[in-house]
$ cat my_file.cif   # mmCIF, C-alpha atoms
data_coords
#
loop_
_atom_site.label_atom_id
_atom_site.label_comp_id
_atom_site.auth_asym_id
_atom_site.auth_seq_id
_atom_site.Cartn_x
_atom_site.Cartn_y
_atom_site.Cartn_z
CA MET A 1 -26.08 -31.58 6.55
CA THR A 2 -25.00 -31.48 2.91
CA HIS A 3 -22.01 -29.54 3.99
CA SER A 4 -20.64 -32.06 6.49
CA ALA A 5 -21.19 -34.94 4.04
CA ASN A 6 -19.23 -33.08 1.36
CA HIS A 7 -16.46 -32.32 3.74
CA THR A 8 -16.01 -35.95 4.79
CA ASN A 9 -15.79 -36.98 1.13
CA GLU A 10 -13.24 -34.33 0.46
CA LEU A 11 -11.00 -35.53 3.28
CA VAL A 12 -11.16 -39.11 1.99
CA HIS A 13 -10.36 -38.08 -1.58
CA GLU A 14 -7.54 -35.76 -0.81
CA ASP A 15 -5.86 -38.36 1.34
CA GLY A 16 -4.22 -36.30 4.06
CA HIS A 17 -2.94 -33.60 1.71
CA HIS A 18 -5.63 -31.22 2.96
CA ASP A 19 -4.47 -31.84 6.54
CA LEU A 20 -0.84 -31.10 5.65
CA GLU A 21 -1.76 -27.66 4.30
CA GLU A 22 -3.81 -27.04 7.47
CA LEU A 23 -0.79 -28.04 9.55
CA ARG A 24 1.40 -25.57 7.64
CA LYS A 25 -1.11 -22.80 8.32
CA PHE A 26 -1.10 -23.74 12.00
CA GLY A 27 2.70 -23.54 11.99
CA PHE A 28 2.47 -20.02 10.63
CA TRP A 29 -0.13 -19.17 13.28
CA LEU A 30 2.40 -20.26 15.95
CA PHE A 31 4.97 -17.93 14.36
CA LEU A 32 2.46 -15.07 14.64
CA ILE A 33 1.94 -15.83 18.34
CA THR A 34 5.71 -15.69 18.95
CA ASP A 35 5.86 -12.46 16.94
CA CYS A 36 3.17 -11.08 19.29
CA ILE A 37 5.49 -11.90 22.19
CA LEU A 38 8.38 -10.11 20.42
CA PHE A 39 6.23 -6.99 20.06
CA SER A 40 4.99 -7.23 23.66
CA VAL A 41 8.61 -6.99 24.85
CA LEU A 42 9.15 -3.88 22.69
CA PHE A 43 5.90 -2.36 24.01
CA ALA A 44 6.92 -3.08 27.61
CA THR A 45 10.33 -1.47 26.96
CA PHE A 46 8.72 1.57 25.35
CA VAL A 47 6.22 2.09 28.19
CA VAL A 48 8.85 1.68 30.89
CA LEU A 49 11.30 4.10 29.19
CA ARG A 50 8.61 6.59 28.17
CA GLU A 51 9.48 9.19 30.79
CA GLY A 52 13.22 8.96 30.17
CA THR A 53 13.61 11.87 27.76
CA ALA A 54 17.05 12.92 29.14
CA GLY A 55 16.39 16.59 28.35
CA GLY A 56 15.44 15.71 24.76
CA PRO A 57 11.98 15.96 23.19
CA GLY A 58 9.01 14.14 24.73
CA PRO A 59 6.13 12.42 22.90
CA LYS A 60 4.15 15.67 22.54
CA ASP A 61 7.09 17.41 20.83
CA ILE A 62 7.73 14.87 18.10
CA ILE A 63 4.32 13.42 17.18
CA GLU A 64 2.64 14.81 14.06
CA MET A 65 -0.90 13.42 14.21
CA PRO A 66 -2.06 14.10 10.60
CA GLY A 67 0.58 11.75 9.16
CA VAL A 68 -0.11 9.12 11.81
CA ILE A 69 -3.88 9.25 11.20
CA ALA A 70 -3.26 8.81 7.45
CA GLU A 71 -0.95 5.82 8.15
CA THR A 72 -3.60 4.25 10.40
CA PHE A 73 -6.42 4.45 7.87
CA ILE A 74 -4.17 3.35 5.00
CA LEU A 75 -3.11 0.22 6.89
CA LEU A 76 -6.68 -0.46 8.01
CA THR A 77 -7.92 -0.23 4.41
CA SER A 78 -5.10 -2.51 3.22
CA SER A 79 -6.15 -5.09 5.82
CA PHE A 80 -9.64 -4.97 4.28
CA THR A 81 -8.36 -5.24 0.67
CA SER A 82 -6.21 -8.20 1.71
CA GLY A 83 -9.48 -9.79 2.85
CA LEU A 84 -11.05 -8.97 -0.53
CA ALA A 85 -8.09 -10.76 -2.15
CA VAL A 86 -8.95 -13.91 -0.17
CA LEU A 87 -12.59 -13.61 -1.32
CA SER A 88 -11.40 -13.48 -4.95
CA LEU A 89 -9.26 -16.53 -4.20
CA ASN A 90 -12.32 -18.38 -2.86
CA LYS A 91 -14.19 -17.48 -6.07
CA GLY A 92 -11.25 -18.77 -8.11
CA SER A 93 -10.72 -15.41 -9.80
CA ARG A 94 -7.00 -15.00 -10.49
CA GLN A 95 -7.43 -11.49 -11.94
CA GLY A 96 -9.34 -10.29 -8.88
CA LEU A 97 -6.88 -11.95 -6.53
CA ILE A 98 -3.81 -10.38 -8.17
CA GLY A 99 -5.59 -7.02 -8.40
CA TRP A 100 -6.53 -6.89 -4.71
CA LEU A 101 -3.09 -8.12 -3.63
CA ALA A 102 -1.55 -5.32 -5.73
CA VAL A 103 -3.86 -2.74 -4.10
CA THR A 104 -2.91 -4.15 -0.68
CA ILE A 105 0.84 -3.80 -1.19
CA LEU A 106 0.46 -0.38 -2.84
CA LEU A 107 -1.32 0.80 0.32
CA GLY A 108 1.45 -0.92 2.31
CA ALA A 109 4.04 1.03 0.30
CA CYS A 110 2.20 4.31 1.04
CA PHE A 111 2.25 3.40 4.74
CA ILE A 112 5.99 2.67 4.67
CA GLY A 113 6.65 5.89 2.72
CA LEU A 114 4.76 8.03 5.26
CA GLU A 115 6.43 6.31 8.19
CA MET A 116 9.90 6.64 6.67
CA SER A 117 9.39 10.36 6.03
CA GLU A 118 8.15 10.78 9.64
CA LEU A 119 11.21 9.01 11.09
CA LEU A 120 13.68 10.68 8.68
CA ALA A 121 12.25 14.12 9.56
CA LEU A 122 12.90 13.37 13.24
CA ILE A 123 16.45 12.26 12.51
CA SER A 124 17.15 15.36 10.40
CA GLU A 125 16.02 17.51 13.35
CA GLY A 126 18.66 15.76 15.45
CA HIS A 127 16.23 13.52 17.38
CA THR A 128 17.84 10.12 16.79
CA ILE A 129 17.68 6.71 18.47
CA ARG A 130 20.70 7.82 20.59
CA THR A 131 19.05 10.98 21.97
CA SER A 132 17.18 9.45 24.91
CA ALA A 133 15.74 6.26 26.34
CA PHE A 134 12.31 7.38 25.16
CA LEU A 135 13.49 7.80 21.56
CA SER A 136 15.37 4.46 21.69
CA GLY A 137 12.14 2.74 22.66
CA PHE A 138 10.15 4.74 20.11
CA PHE A 139 12.43 4.08 17.13
CA THR A 140 12.86 0.38 17.97
CA LEU A 141 9.12 -0.29 18.31
CA VAL A 142 7.93 1.78 15.33
CA ALA A 143 10.74 0.67 13.02
CA THR A 144 10.31 -3.03 13.92
CA HIS A 145 6.68 -2.76 12.86
CA GLY A 146 7.71 -0.86 9.70
CA LEU A 147 10.25 -3.58 8.92
CA HIS A 148 7.51 -6.21 9.23
CA VAL A 149 5.34 -4.26 6.76
CA SER A 150 8.31 -3.97 4.36
CA VAL A 151 8.89 -7.74 4.54
CA GLY A 152 5.16 -8.25 3.88
CA PHE A 153 5.41 -5.97 0.83
CA PHE A 154 8.15 -8.04 -0.86
CA TRP A 155 6.58 -11.32 0.25
CA ILE A 156 3.19 -10.53 -1.32
CA LEU A 157 4.96 -9.16 -4.41
CA ALA A 158 6.69 -12.53 -4.78
CA ILE A 159 3.35 -14.32 -4.43
CA ILE A 160 1.80 -12.08 -7.11
CA LEU A 161 4.62 -13.22 -9.43
CA GLN A 162 4.01 -16.88 -8.52
CA LEU A 163 0.26 -16.46 -9.12
CA SER A 164 0.82 -14.92 -12.54
CA ARG A 165 3.11 -17.84 -13.48
CA HIS A 166 1.43 -20.85 -11.87
CA GLY A 167 -2.13 -19.65 -11.24
CA ILE A 168 -4.24 -20.72 -8.27
CA THR A 169 -2.88 -24.06 -7.01
CA PRO A 170 -3.15 -25.66 -3.54
CA VAL A 171 0.33 -24.28 -2.80
CA THR A 172 -0.32 -20.69 -3.93
CA THR A 173 -3.71 -20.84 -2.17
CA ARG A 174 -2.02 -21.66 1.13
CA LYS A 175 0.58 -18.93 0.54
CA VAL A 176 -2.10 -16.30 -0.11
CA GLN A 177 -3.99 -17.35 3.03
CA ILE A 178 -0.83 -17.19 5.14
CA THR A 179 0.24 -13.75 3.87
CA SER A 180 -3.31 -12.51 4.43
CA LEU A 181 -3.11 -13.64 8.07
CA TYR A 182 0.29 -11.93 8.34
CA TRP A 183 -1.10 -8.69 6.92
CA HIS A 184 -4.11 -8.67 9.31
CA PHE A 185 -1.67 -9.34 12.14
CA LEU A 186 0.42 -6.29 11.15
CA ASP A 187 -2.70 -4.15 11.24
CA ALA A 188 -3.57 -5.55 14.69
CA VAL A 189 -0.09 -4.67 15.98
CA TRP A 190 -0.39 -1.18 14.46
CA ILE A 191 -3.64 -0.60 16.43
CA PHE A 192 -1.57 -0.93 19.60
CA VAL A 193 1.30 1.20 18.24
CA PHE A 194 -1.25 3.87 17.31
CA SER A 195 -2.93 3.65 20.74
CA VAL A 196 0.05 3.27 23.06
CA VAL A 197 2.70 5.33 21.26
CA TYR A 198 0.73 8.04 19.48
CA LEU A 199 -2.68 8.54 21.19
CA MET A 200 -1.27 8.12 24.71
CA GLY A 201 1.67 10.26 23.64
CA VAL A 202 -0.40 13.30 22.67
CA MET A 203 -3.19 13.04 25.27
CA MET B 1 -30.91 -23.82 1.28
CA ALA B 2 -28.87 -25.80 -1.20
CA THR B 3 -27.05 -22.68 -2.38
CA GLN B 4 -26.35 -21.71 1.19
CA GLY B 5 -24.86 -25.11 1.94
CA ARG B 6 -22.65 -24.91 -1.13
CA HIS B 7 -21.43 -21.48 -0.14
CA ALA B 8 -20.63 -22.60 3.37
CA HIS B 9 -18.67 -25.47 1.90
CA GLU B 10 -16.70 -23.23 -0.44
CA ALA B 11 -15.96 -20.86 2.38
CA ASN B 12 -14.58 -23.64 4.57
CA GLU B 13 -12.51 -25.08 1.78
CA GLY B 14 -11.05 -21.89 0.42
CA GLY B 15 -9.96 -19.97 3.50
CA HIS B 16 -13.21 -18.60 4.92
CA GLY B 17 -14.97 -15.28 4.90
CA SER B 18 -17.68 -13.47 3.03
CA LEU B 19 -18.02 -9.93 1.73
CA PRO B 20 -20.56 -8.81 4.38
CA GLU B 21 -18.30 -10.22 7.11
CA TYR B 22 -15.27 -8.27 5.85
CA ALA B 23 -17.36 -5.12 5.30
CA ILE B 24 -18.77 -5.24 8.86
CA GLY B 25 -15.26 -5.84 10.24
CA PHE B 26 -13.90 -2.89 8.24
CA ALA B 27 -16.73 -0.57 9.38
CA LEU B 28 -16.30 -1.61 13.04
CA SER B 29 -12.53 -1.04 12.79
CA ILE B 30 -13.05 2.49 11.42
CA ILE B 31 -15.53 3.32 14.19
CA LEU B 32 -13.23 1.87 16.87
CA THR B 33 -10.33 3.95 15.47
CA LEU B 34 -12.37 7.17 15.31
CA ILE B 35 -13.70 6.96 18.90
CA PRO B 36 -10.33 7.21 20.75
CA LEU B 37 -9.00 9.60 18.08
CA LEU B 38 -11.85 12.09 18.60
CA VAL B 39 -11.74 11.67 22.38
CA VAL B 40 -8.03 12.50 22.49
CA LEU B 41 -7.81 15.20 19.81
CA ASN B 42 -10.87 17.13 21.04
CA GLY B 43 -9.84 16.72 24.67
CA TRP B 44 -13.25 15.23 25.59
CA MET B 45 -11.53 13.21 28.31
CA THR B 46 -8.14 13.30 30.00
CA GLY B 47 -6.17 11.15 32.39
CA MET B 48 -7.45 7.73 33.40
CA PRO B 49 -10.84 7.83 31.55
CA ALA B 50 -9.09 8.72 28.26
CA LEU B 51 -6.52 5.96 28.89
CA LEU B 52 -9.32 3.46 29.44
CA VAL B 53 -11.15 4.52 26.25
CA ILE B 54 -7.92 4.11 24.24
CA LEU B 55 -7.16 0.66 25.71
CA ILE B 56 -10.72 -0.69 25.49
CA THR B 57 -11.23 0.40 21.86
CA ALA B 58 -7.79 -1.05 20.96
CA VAL B 59 -8.63 -4.42 22.52
CA LEU B 60 -12.07 -4.44 20.83
CA GLN B 61 -10.48 -3.66 17.49
CA PHE B 62 -7.95 -6.47 18.02
CA ALA B 63 -10.93 -8.78 18.62
CA VAL B 64 -12.60 -7.49 15.42
CA GLN B 65 -9.45 -8.33 13.42
CA LEU B 66 -9.31 -11.82 14.96
CA LEU B 67 -13.02 -12.61 14.50
CA PHE B 68 -13.91 -10.87 11.22
CA PHE B 69 -10.60 -10.93 9.32
CA MET B 70 -8.60 -13.83 10.76
CA HIS B 71 -11.65 -16.14 11.16
CA LEU B 72 -10.85 -17.43 14.60
CA ARG B 73 -14.52 -18.48 15.06
CA GLU B 74 -14.53 -20.89 12.13
CA GLU B 75 -11.91 -23.28 13.45
CA LYS B 76 -13.10 -26.90 13.68
CA GLY B 77 -12.13 -29.78 15.92
CA PRO B 78 -9.65 -29.23 18.74
CA ARG B 79 -9.18 -25.47 18.72
CA TYR B 80 -5.39 -25.41 18.68
CA ASN B 81 -5.28 -21.92 17.11
CA LEU B 82 -7.37 -20.53 19.95
CA MET B 83 -5.33 -22.36 22.60
CA ALA B 84 -2.05 -21.07 21.13
CA LEU B 85 -3.53 -17.56 21.03
CA ILE B 86 -4.62 -17.75 24.69
CA LEU B 87 -1.14 -18.91 25.71
CA GLY B 88 0.31 -16.01 23.69
CA ILE B 89 -2.02 -13.49 25.35
CA VAL B 90 -1.06 -14.81 28.81
CA VAL B 91 2.64 -14.31 27.99
CA VAL B 92 2.02 -10.86 26.45
CA VAL B 93 -0.03 -9.61 29.42
CA THR B 94 2.51 -11.02 31.90
CA VAL B 95 5.44 -9.36 30.12
CA VAL B 96 3.78 -5.95 29.67
CA ALA B 97 1.88 -5.67 32.96
CA GLY B 98 4.75 -7.28 34.90
CA SER B 99 7.34 -4.89 33.44
CA ILE B 100 5.20 -1.84 34.19
CA TRP B 101 4.39 -3.07 37.71
CA ILE B 102 8.02 -3.77 38.58
CA MET B 103 9.38 -0.53 37.13
CA VAL B 104 6.69 1.63 38.77
CA HIS B 105 7.86 0.27 42.14
CA ASN B 106 11.51 0.65 41.23
CA LYS B 107 11.97 4.41 40.90
CA MET B 108 15.24 4.55 42.82
CA TYR B 109 16.64 7.46 40.88
#
$ encode --input "my_file.cif" --output "structure tokens"
Amino acid sequence: MTHSANHTNELVHEDGHHDLEELRKFGFWLFLITDCILFSVLFATFVVLREGTAGGPGPKDIIEMPGVIAETFILLTSSFTSGLAVLSLNKGSRQGLIGWLAVTILLGACFIGLEMSELLALISEGHTIRTSAFLSGFFTLVATHGLHVSVGFFWILAIILQLSRHGITPVTTRKVQITSLYWHFLDAVWIFVFSVVYLMGVM
Amino acid sequence: MATQGRHAHEANEGGHGSLPEYAIGFALSIILTLIPLLVVLNGWMTGMPALLVILITAVLQFAVQLLFFMHLREEKGPRYNLMALILGIVVVVTVVAGSIWIMVHNKMY
């Protein structure tokens, strides 16, 4: 009861500003939905072209599970630490917030490093995006996800800089919440990359 | 009670979530990652059963991310986030299942 009374007051005081920030978050949510559709097209392409190895290597020949398992748990942990960053934000702790965001993007950087070395090793063995339909689908799907993580890395880095300059304001608060959603979304997409590309590839 | 109310208020204002909620979500995600991993790597199942385990644990883990990390449950008023998500899922399932269905019946070569 106390809660709903407080909330009504807050809406009256803030005079629509609160709603505008909510609307901006909803706009970002819509972007995430369209990004889901982008990935679904890449997944459909990958699954359809999976058998088309054109005499080149198949999934079982190119997948190195230890690296992939490490990538999976690193990204999963970074999704959790990005949540811890939001908890620090709720507490109003700028130090905690910046610290957890830094941990999150460091884990993100480890993920990108492992993935890059996996893809570069394939390329150096002569298995490139041009080798077969299967590898075209594989490189496009995995690298599009990796590109999203890289964008997230620089985006959160920029927000850490803004936080250290301006502190926790309504604007930086919204930005942290949006990047946190984005980061959880990347982990959610990776679950399907891990399942469909790697687990189904080696089973 | 008063403290609880204040916490709930803070949570709603500042972007939701609590430590136990994130910790449970993290633990569930790890379990749901380990299950298909062990099933596949140890060869406990093959073929269709293994495929089903992989898909079901993936979908469950997607739900864990949405509910525990992205706070889909806490939305108030008209649930536009949920509606947009459902529309997105309809499009995603149509694109993926439709593509597979068409191409399975199109092996002309």
$ resolve_selection --input "my_file.cif" --expression "the PyMOL selection byres ((chain A and resi 28-45) around 6)" --output "list in words"
Lys25, Phe26, Gly27, Phe46, Val47, Val48 and Leu141 of chain A; Gly88, Val92 and Val96 of chain B
$ closest_atom_pairs --input "my_file.cif" --of "region 58-154 of chain A" --to "region 40-64 of chain B" --cutoff "12 Å" --atoms "only C-alpha atoms" --output "JSON lines"
{"residue": "A:Glu64", "atom": "CA", "partner": "B:Leu41", "partner_atom": "CA", "distance": 11.9}
{"residue": "A:Met65", "atom": "CA", "partner": "B:Leu41", "partner_atom": "CA", "distance": 9.1}
{"residue": "A:Pro66", "atom": "CA", "partner": "B:Leu41", "partner_atom": "CA", "distance": 10.9}
{"residue": "A:Ile69", "atom": "CA", "partner": "B:Leu41", "partner_atom": "CA", "distance": 11.2}
{"residue": "A:Leu76", "atom": "CA", "partner": "B:Gln61", "partner_atom": "CA", "distance": 10.7}
{"residue": "A:Ser79", "atom": "CA", "partner": "B:Val64", "partner_atom": "CA", "distance": 11.8}
{"residue": "A:Phe80", "atom": "CA", "partner": "B:Val64", "partner_atom": "CA", "distance": 11.8}
$ closest_residue --input "my_file.cif" --among "A:Glu71, A:Glu51, A:Asp61, A:Glu118" --to "Phe134 (chain A)" --atoms "only C-alpha atoms"
A:Glu51
$ residues_around --input "my_file.cif" --residues "Phe185 (chain A)" --least-positions-apart "3" --cutoff "9 Å" --atoms "only C-alpha atoms" --output "list in words"
Leu32, Cys36, Ser79, Ser180, Leu181, Tyr182, Ala188, Val189 and Trp190 of chain A; Gln65, Leu66 and Met70 of chain B
$ closest_residue --input "my_file.cif" --among "A:Ser82, A:Ser164, A:Thr144, A:Ser124" --to "chain B" --atoms "all atoms listed in the file"
A:Ser82
$ atom_distance --input "my_file.cif" --atom1 "CA of Leu122 (chain A)" --atom2 "CA of Val151 (chain A)"
23.2 Å
